[in-house]
Each structure stands twice: as C-alpha cells, then as structure tokens.
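J.: My structure is below; once you've seen it, I'll send some questions.
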Amino acid sequence: MSHDGVGPMSVRPSAALRSAAFLAVGALAVSALTGCSAEDPAGKPLAGPDLAPAARDLVADGGTLRWAVDDVPETLNSFQSDADAATGRIAQAVLPSMYRLDRKGRPVRNADYLESAKVVKTEPKQVVVYKLNQQAVWSDGREIGAADFAAQWRALSGKDSAYWTARNAGYDRIEKIERGASDLEVKVTFAKPYADWQSLFTPLYPKDVMGTPDAFNDGARRKLKVTAGPFSLKQVDTKGQQVTLVRNPRWWGRPAKLDEIDLKAVPLDKRAEALADGKLDLAEIDPSDAGRFTLAGRANGTGTPLMGPGSRRTPAKALQGFAVRKSLEPAYTQLALNGSAGPLADERVRRAVARSLDRLSIAQTVLKPLGLPAVPVGSHLALSGQAAYADGSGVLGGEDTAKAQALLADAGWVRGGPVAEEKKKGEKAAGAAGKKSDDESEGDDGTYIVGEDDKNGDSRGGDDKDPRDHAKKQENGKGSEEGGKHLADGRQYTGQQGGAPGAYAPKGTAAPAGVAAGPLAKNGKPLTLRFVLPSGAGSEVLRTVADRIGRMLERVGITTQITKVSDESYFKDHIASGQFDLALYSWPASAFPATDARPVYAKPVPAADGSLDVEQNYTRIGTDQVDQLFDQAAGTLDGSESRSLLRKADSRIWAAAASIPLYQRPQLTAAKKGLANAGSFGFQTPVYEDMGFLKKGARPSPSPSGH
C-alpha cells in the first residue's frame, strides 16, 4: 500500500478518548446502535471483486502471468517487520493458509489444508482441534502436522527474544500444542480465551523455518526451500527485480492452470508504459492511467498517442488489449489528528475539525469520477460488509459549521482575535510540528498556507476543478514499514513522542455573535495546523483531498499550513515520529479487528527510557476504556458479543475525534484481455490455481459487482 495504506492489518497476508464526558456520549450512541434491529448493521460490500471469472474448463493449461508488484520483497517471512505486500502475495501462493477471506472479507475454511477446525472445549480452557487434509504435504514429501504448528507457536509466542518477530498477537495466548487422536489432528490449548483463533497459522511456515532463531531471522529472507501451495518459489532475482513462482508438482488440490507467475517490480508511474510495451499482463494502476486505458478503448485503433504523467507518448492501440477492473481496496483513508500537543490536544478543537468536514463530498471527489460507490466510511475497525462493521459516525455528528465554531469558542479560540506576530511561511505552526526536516523541499513541494494562495477563489471546499484531473491511486510512494506495510507494503515503526497536553479554555464559552472575519486566535497565536503530505508521484489524490479539507477548515477560521515532504521521509520521519498536526494515510481492514486494530488505537504508555510508546497509534490519543473493550472483544468466544464490544470501542474512538475515516480506497487493475480469475480482488483472497488465460473463443462470465 502506499502512504495511503498503512496499518498493522496489512501485515497479515494482512485515537481514542481523553474525556469521561465523551465516553458518556459514546455510551448513549452505542445503546441505540446495538439495540434490537432486524437489519444487520454490517451491510454489504460497497463493491465486489472484479476478476473476469471463468470456469476452469474454459481456462487454458500453461502460460506465464507477468504481474506487477511495488518491490522485490526484502524478506519472505511474513512475520518479520520488513515484510511487505509482495511477501504476502508470495505466501498466499506457496504456503498453507487455514482460512481465506471471502468477498465480504470474512474468514472461511480453506479445504485444501483443513477438513475442519472447531472449539471443542471452553472450560476450564479453550481448546481448538484442527483436522488436516490427509493429502496435505510439504514439497519435500513430509506431512503437514503438529510439529509445524508447534514450531510456529514457539517462534511467535514472544517468549524467546532471539526471534525477531514483528507481532505475536494470538500466539502469546496459546498454552500448548499437541498431536491429537491421529497424525492429522492438531490440538491447541489456550491459556486464556481468544476470539480471533481463526487468524492463526495463516500463513503456516514449515518447522524448518520456524524451528530455530537463525532459521527464522535469516533462513527465509531470500529462499523458501520447502513450500506447500499450488505454486513453489523458484527464484528471487534482486538484480532483475523479479520473483518467479512455478507450478508445484506435489500440489494435491486443483492443479494450477498457469505454468509460471512472474512478480515484476515496476513503479506505479511506469506501469502503463510497461503494459503497453508487452512487459506486463496484470498491474494495479492509478486513476489517471485508468483514464488512458478508457480513452484507448474509445480510439478504435486510430493509434492516437496518449500522454500520462511523467511517461512518454503511448500509442492508444498498445493499450487496447487491456481492460480496467474496478473494485474497492480493503483499506480506508483517514484524516489523522495528532493530539499529543498543541491545539489538537484539546478534544473540543479535534471535534470542531471533524465537524467542519463534508465527508461525503470528499468521498465523491475521489470515487465518483471512477464510477465507484462514493460512501464515507462509518467505522474505524471494519468496512461495509465485514462482520464487525456498523456506522458509528453519528456519535461525533456530521458536518455542522455552527457547532464547530461553538466548540472552538468554548476552547477559547476567538475569530479575528489579536495575533502577537504573524507566522511566516515555513515557520513552526501552532500545533505538534517540530523543527523543519532536512528533507522538506521549498517552492511547490514546500510549505504554503491554504487560503493565502487563492484569496479571491472559492473557498467553500466543495467545488474543485474536475476531480479526474487529480484522482490518482495509491496516494503515496513508500513509507512506514508496516505501512508501506502500513502503507502499501506494510512495515512497522513504533513512534515515540512526548508532549504536554494543550491548555483548555474556561467551560461554557458561547460562540460569539457577529465575530470579525479572519482566522481564529488565542493568547496572541493563530489557530494554524501543520498538514504534512507526501510529495511524490501517486500522491496527487491525497494532496487534492488535503486542499479540500483546508478550505473546509478555513470556513470556521482554522488555517492549515500544508507541508510536502519526500515519500521516503513521510511516514518514518513525520507520522511515526509525531511531526504533524494533520495527515492523511490509510489502514487496511482486517477480518480480525480485535487483534489487528488494537495497536492502532491503544493508549500510549511511557517506555522504560521515558519516551512514549505509541505502538501504531500515531494520533497519540487513547484510553483505558478503549483498551479494555478490545481486550474483552478478543477474549469472548461469543461472536455476537465480540462484535458488540468492537462497535462500542469504535463509538468511543469516533467521540475522541483523533481519527476521521473518509473513504474506502479505489482499486483499479489493468488486466490483459483474456486473463481470467484475476484483477481487482477487493476483500477476497486470490485463488492462484484458477488464474489463467482463456481458451480460444471462450468468454468470461459477467463479474458480480457491488457497484
């Protein structure tokens, strides 16, 4: 994922409150939310997979699929901190998974490996028995069994610091793993109940990889000698920037249709050119390139050259052999408000920012030009269609300029108030921003104040130029480590940030009538928030959204100081380290939010060295109550109760107004015409053995779609 795709959930091949007063608000809303209702609040996915589905008998045997990835992965071990999206893609194709995700983003048993898995005891302890497919074997001929489960548990339990693991959630709750009644049974006993037990052992690595710290830390970074999927790993070519997967001759399931899958590292802004040159068959692309393919389809073979940002002239005819397949990613973009210091340490200011936003307008800006459903995201913990989803945004309330102004007045910010000394461009803002980083560029990629560049323009925040001029996907280059795996590739950083909370104005201050025009001020300082954004190619949509947000905030007197920084620096040096007031980035949605979302919203705690350990809660706002709700949700085996607890946690996160979900990210994939069962997967786990090229004269079935 790009900068617009950060989060712990992406590691799996995959904010909250300071005030008891707002907890009460959240509790009231939750009681209404979880009351008696015949309708499932989870709803349906806004858009389904778009894969050109075809029956296997219509797909030819053989062929090579050339599929674009962001990078050749640094590691093939999904449980290490520098694992990325390509690591996950490889693991899905070559390693066992006990559960897969369906089109609604919900876990379903993977029958190729698992005949059954059941909770057979809850008292005195939870016991799960896995019955494995009797044909399931590793590529060296050994049966998949309890020894592999036990080795993975020991490596990921967190008890042995010699294992350099990125996460151990769930595995740290296991007490023991034993062989069951036969070699095909694995008995897992938990020390304390764990609702998300289906998240474990996916992917499952052989005991050869998990058995020792050396093998775990170094043995699986560039090679996987033993695999157990429809494909095997043939080569990782760092020089040629390609990973080669080949059909596994020992695979016991439906044979793979393709002979080979080549995962080629191609930058986002170079993919249209690579597709046109015949170097790729499948690639996620940004919206501006999607428009080029659409135009090519209308050119009817005229060969009209098409121009793309930063690329050479491409003949339209060269793009006519591809179709653009559209869905929504299992990830959402949010506005993050850093509450560690400055004005945003005051809940009232954060809530005022949130209530200044027209989230529907923002979603329409990004998604409507692409023909995708433009619906604002209503939950921090799940997306529409997933079991835990419910729209909890009503706790905070929708756009209301008058209420936003009243909140700001209550916090002591006066419109048109005296300012001791006007801030100059490039200086430190009134918020949590620290010193200017060396990587921050000047001029167009430097710092500017929203409103100062267009004083005579329309500042209503809802009437930008045609958003198709801006709509770019991936909204960043690289970034966080569980964020490029936390962004698009998913690596992890633990940000550490101190800071005193902001001062509160006297309670009960009314919104002044007939206030003077101009920005808000308090104690001689203007209310200026530093809005940090990535500057690289692929981030245009983020910058468009940020500009729109800036103009919405300007209406209530809040000035935004937009600073563009390099993609390489954006997440590590700004988001994770707390050098921002406002920022845009994304989190992937997980089928197991009680486990995966907890570190994103956990209450920051002091570390041994005196710094603040925020885990992945880069807004630095959290409470004991939210932590307790996550713990309770993870510890109950009643699915309905667990979902209710998660929705309560989400309501409290909404009330804190430190993270404002905006829209589900678009997923656009250019696919060679005739390629079946591949494209934009949405929530669904790819089925690698069914991908392939249609036989001559065969046609795919119409893609079922939610849009």
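Residues are named by chain letter and number: chains run A, B, ... in the order of the structure tokens, numbers start at 1 in each chain, and ligands are numbered from 1 in the order shown.
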To test your reading of the structure, identify every residue in region 165-210 of chain A that backbone DSSP assigns to strand (DSSP E), and report it as a list in words.

T.: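 Residues meeting the strand (DSSP E) criterion: Ile174, Glu175, Lys176, Ile177, Glu178, Arg179, Glu185, Val186, Lys187, Val188, Thr189 and Phe190 of chain A.
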
J.: For Arg56 (chain A), please output as a PDB file with N, CA and C atoms, in the first residue's frame all residues within 9 Å (counting only C-alpha atoms; exclusion window: fewer than 5 positions along the same chain).

T.:
```pdb
ATOM      1  N   LYS A 257      -3.463 -23.657 -13.274  1.00  0.00           N
ATOM      2  CA  LYS A 257      -3.597 -23.523 -14.719  1.00  0.00           C
ATOM      3  C   LYS A 257      -2.324 -22.944 -15.337  1.00  0.00           C
ATOM      4  N   ASP A 690      -6.567 -21.014 -10.066  1.00  0.00           N
ATOM      5  CA  ASP A 690      -7.610 -20.817 -11.081  1.00  0.00           C
ATOM      6  C   ASP A 690      -7.263 -19.720 -12.085  1.00  0.00           C
ATOM      7  N   MET A 691      -6.214 -18.946 -11.826  1.00  0.00           N
ATOM      8  CA  MET A 691      -5.840 -17.875 -12.750  1.00  0.00           C
ATOM      9  C   MET A 691      -5.271 -18.458 -14.038  1.00  0.00           C
ATOM     10  N   GLY A 692      -5.564 -17.791 -15.141  1.00  0.00           N
ATOM     11  CA  GLY A 692      -5.001 -18.244 -16.408  1.00  0.00           C
ATOM     12  C   GLY A 692      -5.620 -17.512 -17.576  1.00  0.00           C
TER      13      GLY A 692
END
```

J.: Have a look at A:Ala68, A:Leu645, A:Leu76, A:Ala657 and name the one nearest to Val266 (chain A); count only C-alpha atoms.

T.: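 Using only C-alpha atoms, Val266 (chain A) sits closest to A:Ala68.
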
J.: Find, counting only C-alpha atoms, the residue in A:Leu370, A:Val349, A:Val137, A:Ala671 that gets nearest to Ala276 (chain A).

T.: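 Checking each of A:Leu370, A:Val349, A:Val137, A:Ala671 against Ala276 (chain A), counting only C-alpha atoms, the winner is A:Ala671.
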
J.: Using only C-alpha atoms, determine which residues lie at most 12 Å from Gln134 (chain A), disregarding the query and same-chain residues fewer than 3 positions distant; provide the list as an NGL selection string.

T.: :A and (111-116 or 130-131 or 137-138 or 142-145 or 182-185 or 252-253)

J.: Just N, CA, C and O atoms for this one: save the residues we selected as a compact mmCIF listing (two decimals), in the first residue's frame.

T.:
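Result file is selection.txt:
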```
# COMPACT_ATOMS: atom_id res chain seq x y z
N ALA A 111 -10.33 -25.61 2.44
CA ALA A 111 -10.46 -27.07 2.42
C ALA A 111 -9.23 -27.77 1.86
O ALA A 111 -9.05 -28.98 2.10
N ASP A 112 -8.37 -27.07 1.14
CA ASP A 112 -7.16 -27.71 0.63
C ASP A 112 -6.23 -28.13 1.77
O ASP A 112 -5.41 -29.04 1.61
N TYR A 113 -6.34 -27.46 2.90
CA TYR A 113 -5.46 -27.77 4.03
C TYR A 113 -6.23 -28.27 5.25
O TYR A 113 -5.67 -28.98 6.09
N LEU A 114 -7.49 -27.89 5.37
CA LEU A 114 -8.20 -28.08 6.62
C LEU A 114 -9.56 -28.75 6.38
O LEU A 114 -10.42 -28.20 5.70
N GLU A 115 -9.72 -29.96 6.93
CA GLU A 115 -11.02 -30.62 6.85
C GLU A 115 -12.00 -30.00 7.83
O GLU A 115 -13.18 -29.85 7.55
N SER A 116 -11.50 -29.64 9.01
CA SER A 116 -12.36 -28.99 10.00
C SER A 116 -11.48 -28.33 11.06
O SER A 116 -10.31 -28.69 11.23
N TYR A 130 -7.78 -28.97 15.14
CA TYR A 130 -7.66 -28.86 13.68
C TYR A 130 -7.53 -30.27 13.11
O TYR A 130 -6.68 -31.05 13.55
N LYS A 131 -8.36 -30.59 12.11
CA LYS A 131 -8.22 -31.84 11.38
C LYS A 131 -7.74 -31.49 9.98
O LYS A 131 -8.45 -30.83 9.20
N VAL A 137 0.80 -32.07 2.06
CA VAL A 137 2.21 -32.37 2.31
C VAL A 137 3.07 -31.18 1.89
O VAL A 137 2.69 -30.39 1.02
N TRP A 138 4.23 -31.08 2.52
CA TRP A 138 5.22 -30.11 2.09
C TRP A 138 5.89 -30.59 0.81
O TRP A 138 5.78 -31.77 0.44
N ARG A 142 7.01 -34.43 3.29
CA ARG A 142 6.61 -34.60 4.68
C ARG A 142 5.19 -34.09 4.89
O ARG A 142 4.80 -33.07 4.35
N GLU A 143 4.43 -34.80 5.73
CA GLU A 143 3.07 -34.37 6.05
C GLU A 143 3.09 -33.06 6.83
O GLU A 143 3.95 -32.83 7.68
N ILE A 144 2.13 -32.21 6.53
CA ILE A 144 1.92 -31.02 7.36
C ILE A 144 1.26 -31.48 8.65
O ILE A 144 0.28 -32.22 8.63
N GLY A 145 1.81 -31.06 9.81
CA GLY A 145 1.28 -31.59 11.05
C GLY A 145 1.58 -30.76 12.26
O GLY A 145 1.99 -29.59 12.18
N SER A 182 -4.82 -38.49 15.92
CA SER A 182 -4.04 -39.07 14.82
C SER A 182 -3.04 -38.03 14.34
O SER A 182 -3.01 -36.89 14.83
N ASP A 183 -2.23 -38.43 13.37
CA ASP A 183 -1.24 -37.50 12.83
C ASP A 183 -1.89 -36.32 12.12
O ASP A 183 -1.23 -35.31 11.88
N LEU A 184 -3.15 -36.48 11.77
CA LEU A 184 -3.84 -35.42 11.04
C LEU A 184 -4.58 -34.46 11.96
O LEU A 184 -5.25 -33.55 11.48
N GLU A 185 -4.47 -34.67 13.28
CA GLU A 185 -5.14 -33.79 14.24
C GLU A 185 -4.11 -32.97 15.02
O GLU A 185 -3.07 -33.49 15.45
N TRP A 252 -1.70 -31.17 -4.24
CA TRP A 252 -2.76 -32.17 -4.21
C TRP A 252 -4.14 -31.61 -4.58
O TRP A 252 -5.07 -32.39 -4.80
N GLY A 253 -4.26 -30.30 -4.63
CA GLY A 253 -5.55 -29.70 -4.95
C GLY A 253 -5.75 -29.58 -6.45
O GLY A 253 -5.11 -30.26 -7.25
```

J.: Quick one: residues within 7 Å of Pro96 (chain A), only C-alpha atoms, excluding same-chain residues fewer than 5 positions away - as an MDAnalysis selection string?

T.: chainID A and resid 113 202:204 228:229

J.: Store the residues picked out above, limited to C-alpha atoms, as a PDB file, in the first residue's frame.

T.:
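The resulting file, selection_24.pdb, is reproduced below:
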```pdb
ATOM      1  CA  TYR A 113      -5.464 -27.766   4.032  1.00  0.00           C
ATOM      2  CA  THR A 202      -2.117 -18.304   8.157  1.00  0.00           C
ATOM      3  CA  PRO A 203       0.310 -18.464   6.558  1.00  0.00           C
ATOM      4  CA  LEU A 204       1.841 -21.574   8.089  1.00  0.00           C
ATOM      5  CA  ALA A 228       3.071 -26.311   0.200  1.00  0.00           C
ATOM      6  CA  GLY A 229       0.857 -24.385  -2.199  1.00  0.00           C
TER       7      GLY A 229
END
```

J.: Residues near region 619-626 of chain A, anyone? I mean within 8 Å using only C-alpha atoms, not counting same-chain ones fewer than 4 positions away, as a VMD selection string.

T.: chain A and resid 15 to 18 336 to 340 578 601 to 604 614 630 649 652 to 653 656 658 to 659

J.: If you run DSSP on the backbone, which residues of region 79-117 of chain A are helix (DSSP H, G or I), as a list in words?

T.: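 Listing helix (DSSP H, G or I) positions across region 79-117 of chain A yields Ala85, Ala86, Thr87, Gly88, Arg89, Ile90, Ala91, Gln92, Ala93 and Val94 of chain A.
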
J.: Write out as a Markdown table a residue-level contact list of region 583-657 of chain A versus region 382-397 of chain A with cut-off 9 Å: for each qualifying residue the closest pair of atoms and the distance in Å to one decimal, counting only C-alpha atoms, rows sorted by chain and residue number upward.

T.:
```
| residue | atom | partner | partner_atom | distance |
| --- | --- | --- | --- | --- |
| A:Pro588 | CA | A:Ala382 | CA | 8.9 |
| A:Ala589 | CA | A:Ala382 | CA | 5.5 |
| A:Ser590 | CA | A:Ala382 | CA | 6.8 |
| A:Ala591 | CA | A:Gln386 | CA | 7.1 |
| A:Phe592 | CA | A:Ala388 | CA | 8.9 |
| A:Pro593 | CA | A:Ala382 | CA | 7.2 |
| A:Ser642 | CA | A:Ala388 | CA | 8.5 |
| A:Arg643 | CA | A:Ala388 | CA | 5.2 |
| A:Ser644 | CA | A:Ala388 | CA | 7.9 |
| A:Leu646 | CA | A:Ala388 | CA | 6.9 |
| A:Arg647 | CA | A:Ala390 | CA | 6.8 |
| A:Lys648 | CA | A:Gly392 | CA | 8.7 |
| A:Asp650 | CA | A:Gly392 | CA | 6.7 |
| A:Ser651 | CA | A:Gly392 | CA | 5.5 |
| A:Arg652 | CA | A:Val395 | CA | 8.1 |
| A:Trp654 | CA | A:Leu396 | CA | 6.0 |
| A:Ala655 | CA | A:Leu396 | CA | 5.3 |
| A:Ala656 | CA | A:Leu396 | CA | 8.3 |
| A:Ala657 | CA | A:Leu396 | CA | 7.3 |
```
